[in-house]
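Structure record follows, encoded as structure tokens.
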Amino acid sequence: MKNEWPLWEVFIRSKSGLSHKHVGSLHATDAEMALENARDLYTRRNEGVSLWVVESKHITASDPDDSDPLFEPAKDKIYRHPTFYDVPDDVTHM
Amino acid sequence: MTSLNLEALFQSKIDEETKIEPKDWMPDAYRKTLIRQISQHAHSEIVGMLPEGNWITRAPSLRRKLILLAKVQDEAGHGLYLYSAAETLGANRDDLVQQLLTGKAKYSSIFNYPTLNWADIGAIGWLVDGAAIMNQVMLTRTSYGPYARAMVRICKEESFHQRQGYEIMIAMAKGSPEQKAMAQDALNRWWWPSLMMFGPKDAESSHSDQALKWKIKRKTNDELRQQFVDVTIPQAEYLGLTVPDPDLRWNEEKGSYDFGEIDWEEFWSVVKGNGPCNKQRLQARNKAYDDGAWVREAASAHAAKKEQRKLEPQLETKAA
């Protein structure tokens with residue numbers, strides 16, 4: 001469709017102290033309309049205290065087909081986890 | 001709303017444990033205090049890479065080397081989380097970095113002490129990270145949302161840092177007499193600077209009251225220091241090592257340890273720039289920044305070139 005309004009991604013902070021979380025998307029002519037539509041579409045039941053809208057084209061996503069090589073470097077680094085280390089049970093607060 | 005009402009509203013949010021988020025109204029002093037504290041915290045993570053980085057090439061085994069690399073890499077990451085939390089308050093990254101490089105901003109004084117031998121890597125993980133964790137666990141409940149969230153992430157990742165340090169201490173303390181002597185020597189040198197990490201005594205801490213009222217901090221310097229001593233002494237005993245404090249003794253009545261007086265003259269001297277490594281640390285940071293200039297320039301030039309290439313086909317169509 002030629003004149004379709006741009007797509008916007010919607011993020012909601014469910015309460016102060018928590019990060020915004022992606023909830024979905026919508027179409028709107030501009031940022032202001034996107035915020036209003038997001039309010040009507042995604043927060044009809046007090047889902048949050050703050051909204052972010054970002055035009056979808058501004059999001060660069062990693063390629064799912066590349067996820068293996070992309071995240072592979074972290075897989076064999078078990079020493080990044082606390083359980084890798086031997087600390088005797090009778091030593092506390094560690 | 002008048003600013004008086006705004007401040008009352010702000011304080012009531014703090015009192016009822018509602019987190020403050022970037023777009024919420026906040027007193028200027030709250031914003032400034034947080035920018036100062038978070039950026040100092042970030043600088044500490046960045047400068048903190050230097051004493052440990054000193055031993056990466058000389059780690060005693062590949063296992064220890066991989067671990068130390070991973071730990072130093074984490075510190076860099078923690079610095080970046082914190083700089084970005086400071087930016088949510090309107091601070092500018094370049095300004096913050098410049099403040100560190102010019103010596104205008106402070107960072108934790110502990111990193112102005114030298115790492116003389118491998119046992120120091122164990123002592124740093126055990127004591128310095130142990131003290132930092134005590135402070136950071138408290139900060140996961142700080143009143144400013146982005147700072148609290150950065151702290152949750154950091155504490156999660158930090159949990160291996162202390163354990164790897166203690167593991168080194170166990171290996172050395174249960175090793176040869178020479179190794180045990182090295183472990184004791186490292187403890188002797190790092191004990192007091194670690195206690196200094198909690199800052200001046202409550203009576204002399206200028207920002208403390210307001211920071212508690214705003215719940216930026218939730219415990220005083222002295223409370224955290226006491227807590228650290230209480231959990232660390234049994235860990236030293238397990239190692240068969242003794243902390244260099246003749247006044248240390250268990251106080252049955254208060255259910256915690258009494259300990260000796262910190263050398264506050266040394267504390268202030270290091271804060272003011274006269275520690276063993278202050279100059280060396282700043283020089284190293286400045287050198288890294290200057291040596292990296294060409295990388296930053298090349299990355300910008302490459303991005304500009306890619307942008308130009310994207311435009312070129314359009315220019316050609318127009319010309320036709």
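Residue numbering restarts at 1 in every chain; chains get A, B, ... in the order shown in the structure tokens, and ligands count up from 1 in that same order.
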If we count only C-alpha atoms, which residues of chain B reach to within 6 Å of chain A? Please list them as a list of chain:residue names.
->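 Going by the stated atoms only, the list reads B:Lys19, B:Gly145, B:Ser159, B:Phe160.
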Shell around stretch 148-151 of chain B at 12 Å using only C-alpha atoms, local window under 2 positions removed, as a ChimeraX atom specification = /A:16-20 /B:19-21,34,38,41-42,77-86,88,132-146,153-158,215-217
Can you pull out every residue within 12 Å of B:Trp264, counting only C-alpha atoms, but drop anything in the same chain fewer than 6 positions away, and send it as a list in words?
-> Trp192, Pro193, Leu195, Met196, Met197, Gly199, Pro200, Lys201, Glu204, Val270 and Val271 of chain B
Pull the alpha helix (DSSP H) assignments for chain A out of DSSP run on the backbone, and list those residues as a VMD selection string.
-> chain A and resid 31 to 42 67 to 75
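These are the residues of chain A assigned strand (DSSP E or B) by DSSP from backbone coordinates: Leu7, Trp8, Glu9, Val10, Phe11, Ile12, Arg13, His20, Lys21, His22, Val23, Gly24, Ser25, Leu26, His27, Ser50, Leu51, Trp52, Val53, Val54 and Glu55 of chain A.
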For A:Asp30, please output as a PyMOL selection string all residues within 9 Å (counting only C-alpha atoms; exclusion window: fewer than 3 positions along the same chain).
-> chain A and resi 5-6+27+33-35+55
Selection: 8 Å around A:Val10, only C-alpha atoms, excl. self and same-chain fewer than 6 positions, as a PyMOL selection string = chain A and resi 22-26+38+51-54
Who sits within 9 Å of B:Gly48, only C-alpha atoms, same chain under 3 positions skipped, as a list in words =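 Near B:Gly48, the qualifying residues are His43, Ser44, Glu45, Pro51, Glu52, Gly53, Val72, Glu75, Ala76, Tyr107, Ser108, Ile110 and Phe111 of chain B.
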Got a sec: who's within 9 Å of B:Gly260, counting only C-alpha atoms, leaving out chain neighbours fewer than 5 positions off, as a ChimeraX atom specification?
-> /B:245-248
What gap, in Å, lies between atom CA of B:Lys279 and atom CA of B:Asp291?
->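 These atoms are spaced 17.9 Å apart.
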